[in-house]
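Undergrad: Below is one structure. I have some questions about it.
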Amino acid sequence: MAALLIFDGDCGFCTTAVNWLKRTLPAMPPSAPFQWTELEKYGLTTAEASDRVWMVVDGRNYGGHLAVSALLRHQPSVLWRFAGWLLCTPPYSFATAIGYRLVARYRYLLPGGTPACAVRPHA
């Protein structure tokens, strides 16, 4: 799997979450803050990358809850893969999309978060 997880490196919550994933998942792909990534190479804009996490797998981009789903679907454990499929399958995907947006919006209030983690509206 040629994969890369792209996240907001200025966000303490995001960095904490990626570090937890590195310790927890058996097949964690390389990860990089979007601030240090050539986003154009992956067809992403700065606005897109600052808005949500991205998982790039074999040239395909998955954002937000679908990025988490793709990450889990590429794990060796059948339980992680099953959870990944649930995250992208209706009706569960509706709930996970809403849940992801809530976490992203209020990430500055979550463990590891700081005021710098707040998502700002795009112009």
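In the structure tokens, chains take letters A, B, ... by order of appearance, with residues numbered from 1 within each chain and ligands from 1 in the order shown.
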Write out as a PyMOL selection string which residues come within 9 Å of Val56 (chain A) when counting only C-alpha atoms, dropping same-chain ones fewer than 2 positions away.

TA: chain A and resi 2-6+42+54+58-63+67+70

Undergrad: From a DSSP pass on the backbone, collect the residues of region 4-34 of chain A flagged as strand (DSSP E or B) and hand them back as a list in words.

TA: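 The residues of region 4-34 of chain A classed as strand (DSSP E or B) are Leu4, Leu5, Ile6, Phe7, Ser31, Ala32 and Pro33 of chain A.
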
Undergrad: Write out as an MDAnalysis selection string each polymer residue whose atoms come within 7 Å of region 34-40 of chain A, counting only C-alpha atoms; drop sequence neighbours fewer than 4 positions from it.

TA: chainID A and resid 6:9 44:45 49

Undergrad: So that I have them on file, write out the residues from the current selection with C-alpha atoms, as a PDB file, in the first residue's frame.

TA:
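Result went into selection-v2.pdb, see below:
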ATOM      1  CA  ILE A   6      -1.754  14.146   5.879  1.00  0.00           C
ATOM      2  CA  PHE A   7      -2.801  16.089   8.970  1.00  0.00           C
ATOM      3  CA  ASP A   8      -2.631  19.575  10.519  1.00  0.00           C
ATOM      4  CA  GLY A   9       0.779  19.756  12.158  1.00  0.00           C
ATOM      5  CA  LEU A  44      -4.961  19.051  -2.468  1.00  0.00           C
ATOM      6  CA  THR A  45      -5.207  22.716  -1.560  1.00  0.00           C
ATOM      7  CA  ALA A  49      -5.721  20.178   4.102  1.00  0.00           C
TER       8      ALA A  49
END

Undergrad: At a cut-off of 9 Å, using only C-alpha atoms, what residues contact region 16-23 of chain A? Leave out same-chain residues fewer than 6 positions from it and give the result as a PyMOL selection string.

TA: chain A and resi 5+7+29+31+111-113

Undergrad: Of the candidates A:Ala32, A:Leu72, A:Arg81, A:Gly64, which shows the shortest atom-to-atom distance to Thr96 (chain A), using only C-alpha atoms?

TA: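 Closest to Thr96 (chain A) of all the choices is A:Gly64.
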
Undergrad: Env of Gln75 (chain A): 9 Å cut, atoms = only C-alpha atoms, seq-sep filter 3 positions within chain, self excluded. Answer as a list in words.

TA: Leu25, Pro26, Ala27, Met28, Leu71, Leu72, Val78, Leu79, Trp80, Arg81 and Gly84 of chain A

Undergrad: Using only C-alpha atoms, which of the listed residues (A:Ser69, A:Thr24, A:Thr46, A:Thr15) sits closest to Leu86 (chain A)?

TA: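 Going through A:Ser69, A:Thr24, A:Thr46, A:Thr15 one by one, the smallest distance to Leu86 (chain A) is for A:Ser69.
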
Undergrad: Based on DSSP run over this structure's backbone, return all residues of region 3-84 of chain A in alpha helix (DSSP H), as a PyMOL selection string.

TA: chain A and resi 12-24+46-51+65-73+78-84

Undergrad: Write to file, as a compact mmCIF listing (two decimals), in the first residue's frame, the residues of the selection just made, with C-alpha atoms.

TA:
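The new file result-v2.txt reads:
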# COMPACT_ATOMS: atom_id res chain seq x y z
CA GLY A 12 -1.97 19.73 19.09
CA PHE A 13 -5.02 17.45 19.07
CA CYS A 14 -4.25 16.23 15.53
CA THR A 15 -0.62 15.56 16.42
CA THR A 16 -1.67 13.73 19.59
CA ALA A 17 -4.17 11.64 17.60
CA VAL A 18 -1.57 10.71 14.94
CA ASN A 19 0.94 9.75 17.65
CA TRP A 20 -1.73 7.57 19.29
CA LEU A 21 -2.46 5.90 15.94
CA LYS A 22 1.26 5.20 15.46
CA ARG A 23 1.34 3.43 18.83
CA THR A 24 -1.96 1.59 18.30
CA THR A 46 -4.11 24.34 1.68
CA ALA A 47 -7.76 25.05 2.50
CA GLU A 48 -8.69 21.37 2.06
CA ALA A 49 -5.72 20.18 4.10
CA SER A 50 -6.37 22.60 6.96
CA ASP A 51 -10.04 21.59 7.06
CA HIS A 65 -14.15 10.35 8.20
CA LEU A 66 -13.38 8.59 4.91
CA ALA A 67 -9.66 9.06 5.64
CA VAL A 68 -10.10 7.32 8.98
CA SER A 69 -12.11 4.60 7.23
CA ALA A 70 -9.38 4.09 4.61
CA LEU A 71 -6.72 3.94 7.30
CA LEU A 72 -8.61 1.24 9.19
CA ARG A 73 -9.51 -0.73 6.04
CA VAL A 78 -10.08 -8.15 10.45
CA LEU A 79 -11.59 -6.17 13.35
CA TRP A 80 -9.88 -2.92 12.30
CA ARG A 81 -10.90 -3.54 8.67
CA PHE A 82 -14.50 -4.24 9.70
CA ALA A 83 -14.59 -0.99 11.70
CA GLY A 84 -13.20 0.83 8.67

Undergrad: So what do you get for CA of Tyr100 (chain A) versus CA of Pro76 (chain A), distance-wise?

TA: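 Taking CA of Tyr100 (chain A) as the start and CA of Pro76 (chain A) as the end point, the length is 23.7 Å.
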
Undergrad: Between A:Arg52, A:Asp10, A:Pro33, A:Leu87, which is the closest to Arg101 (chain A) once you count only C-alpha atoms?

TA: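 Answer, going by the shortest atom-to-atom distance: A:Arg52.
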